[in-house]
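Trainee: Quick one: structure below, then a few questions.
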Amino acid sequence: MNLELLESFGQNYPEEADGTLDCISMALTCTFNRWGTLLAVGCNDGRIVIWDFLTRGIAKIISAHIHPVCSLSWSRDGHKLVSASTDNIVSQWDVLTGDCDQRFRFPSPILKLQYHPRDMNKVLVCPMKSAPVLLTLSDSKHVVLPVDDDSDLNVVAAFDRRGEYIYTGNAKGKILVLNTDTQDLVASFRVTTGTSNTTAIKSIEFARKGSCFLINTADRIIRVYDGREILTCGRDGEPEPMQKLQDLVNRTPWKRCCFSGDGEYIVAGSARQHALYIWEKSIGNLVKILHGTRGELLLDVAWHPVRPIIASISSGVVSIWAQNQVENWSAFAPDFKELDENVEYEERESEFDIEDEDKSEPEQTGADAAEDEEVDVTSVDPIPAFCSSDEELEDYKALLYLPIAPEVEDPEENPFGPPPDATAQNASTDDGSTHTGPGDKKRHPSADGAPPKKKIRTTTIELQGVPSDEVHPLLGVKGDSKSKKKAAGRPKGSKGKDKDSPFRPKVSRDRVEGLGTPGNLVAAVYKQHEVQGLD
């Protein structure tokens, strides 16, 4: 379908549920690539499932982590993907091959990570109870960003649309605007409620087009600002928000907020239930509330970059919300008639002739004569929907789609593990690689969890004064008492209690002890699938 025809005269937001995407394991987070052709979903068992969004099929499965994946981000050209897991590991992946390029180990859990919008060499990481960290992937160096108050380290951060500035917000409502290259303070302001009371910043999100951004705060109000006004006000400015969005009736707290692809609408997911609220940015009015299954809790929301489609995650399943498409054939052909049964059609003379012999050819004048001119069918015009508002050309090196391997008619009993006849051969190899044995070719390539042949470089990031015993919020959903018990040594009979939390993976002993060698890592991933009992 031509993307230029998407600008319909009606509303440009989803209206109803349009199916679900089942990732086999529980989905926790999702993100679209820049064109909306691929959707990456981070799962509870550490895998990253990449969906081809046009065909709604799984294009690739990367066995990325041992622990649940909590945050994902695509690079600008779509060839790379960075992921963070609840065991404080940040990894960079090659999307085509599924190989890990490098890893970073942090002292505290990662709340969010984001690729630089224009520079694939930089990644912004927000560790828990720490100042944000700017990673440089090429030389594995990092820069700790300055904060407003050293005692308040509950900081969130985000790149602006072009990556020129980094916006950070703390628990006291202070927003700092830093230059990305020099980390110098450019502007700052404080978000206040009513008189002088401050409120904690929960997240900062930017629109893909235009200069607007939103701030989700603990007082359950979403404030929309213009980035140009923030820079004009400078340090300790007092900019007024363009819109204040909230649910005045239910006082709903917001779990996740984001802009639509064109920046005209804002969607916010409720932290109490599976409900999506959609506002029009220019007016600030609530235009739609989408209700999911009652009793489910929302985990993540992502708006498609080009189309009026929203993906939301609750109870481990990705739900798709889209517009109601009504086929109106009479709009294409006014004399269209719907038939109840077959009717024999009487063909007119010369109706399907290539050339009408009886037709007299009039002299060609004006517009008819221009039809004989050559038409350029080779040059491709860029699609405006795929270009940023400050660009004129598309990215021709971009990875829009992934090749999908054909399905095997007679799959093996254990599709995620090595074949039985190759187990003994793999155990005898020196480097721990599982790429030996003729049976390896039978395995499904998209679920290939084998490590790359090159050694993965792991960099440990040292952060001063950051507690190393923090538990990720995903793991503490059911209450922090369990994590305290586990840290103190699990008492007898508590094994069954751990089953209550859907986000805590079941870790086998050899996986914990043998993380040093890549061979044990692969065996651990296979064992995890067996324990999880995935069909």
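Naming scheme: A, B, ... for chains in displayed order of the structure tokens; residues 1 onward per chain; ligands 1 onward as shown.
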Tell me which protein, DNA and RNA residues are within 9 Å of segment 198-212 of chain A, counting only C-alpha atoms, leaving out same-chain ones fewer than 6 positions away, and put them as a PyMOL selection string.

Mentor: chain A and resi 154-161+167-175+190-192+218-219+224-228+255-264+305+388-390

Trainee: Within segment 109-308 of chain A, find each residue whose DSSP state, derived from the backbone, is strand (DSSP E or B), and express the selection as a PyMOL selection string.

Mentor: chain A and resi 110-115+122-127+130+133-136+141-144+154+156-159+165-169+174-179+185-190+192-193+197-198+201-206+212-217+222-226+237+243-245+254-259+265-270+275-280+286-291+298-303

Trainee: At a cut-off of 7 Å, using only C-alpha atoms, what residues contact Val82 of chain A? Leave out same-chain residues fewer than 5 positions from it and give the result as a JSON list (two decimals) with C-alpha atoms, in the first residue's frame.

Mentor:
[["chain", "number", "residue", "atom", "x", "y", "z"],
["A", 72, "LEU", "CA", 15.63, -2.64, 23.80],
["A", 73, "SER", "CA", 16.71, -0.02, 21.27],
["A", 74, "TRP", "CA", 17.27, -0.12, 17.48],
["A", 90, "VAL", "CA", 24.01, -4.49, 28.20],
["A", 91, "SER", "CA", 24.69, -6.22, 24.85],
["A", 92, "GLN", "CA", 24.96, -5.06, 21.25],
["A", 93, "TRP", "CA", 23.63, -7.45, 18.57]]

Trainee: Using only C-alpha atoms, which of the listed residues (A:Arg56, A:Arg105, A:Val95, A:Leu286) sits closest to Gly19 of chain A?

Mentor: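 Closest residue, counting only C-alpha atoms: A:Arg56.
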
Trainee: I'd like the neighbourhood of Asp139 of chain A as a list in words, where a residue qualifies if any of its atoms comes within 12 Å (using only C-alpha atoms), though same-chain residues fewer than 5 positions away should be ignored.

Mentor: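 After dropping sequence-adjacent residues, the list is Gln102, Phe104, Asn121, Lys122, Arg457, Thr458 and Thr459 of chain A.
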
Trainee: Please identify the alpha helix (DSSP H) residues within segment 188-401 of chain A (assignment by DSSP from backbone atoms) and present them as a ChimeraX atom specification.

Mentor: /A:227-233,367-370

Trainee: Fewer than 3 positions away in the same chain doesn't count, so skip those; otherwise give me all residues within 9 Å of Ser71 of chain A, counting only C-alpha atoms, as a list in words.

Mentor: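 Surrounding residues, per the criterion: Leu28, Thr29, Cys30, Thr31, Gly42, Val82, Ser83, Ala84, Ser85, Ile110, Leu111, Lys112, Leu113 and Gln114 of chain A.
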
Trainee: So which one's closest to Ile309 of chain A, A:Ser63, A:Cys100, A:Asn324, A:Leu135? Using only C-alpha atoms, please.

Mentor: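 Smallest separation from Ile309 of chain A among the options: A:Asn324.
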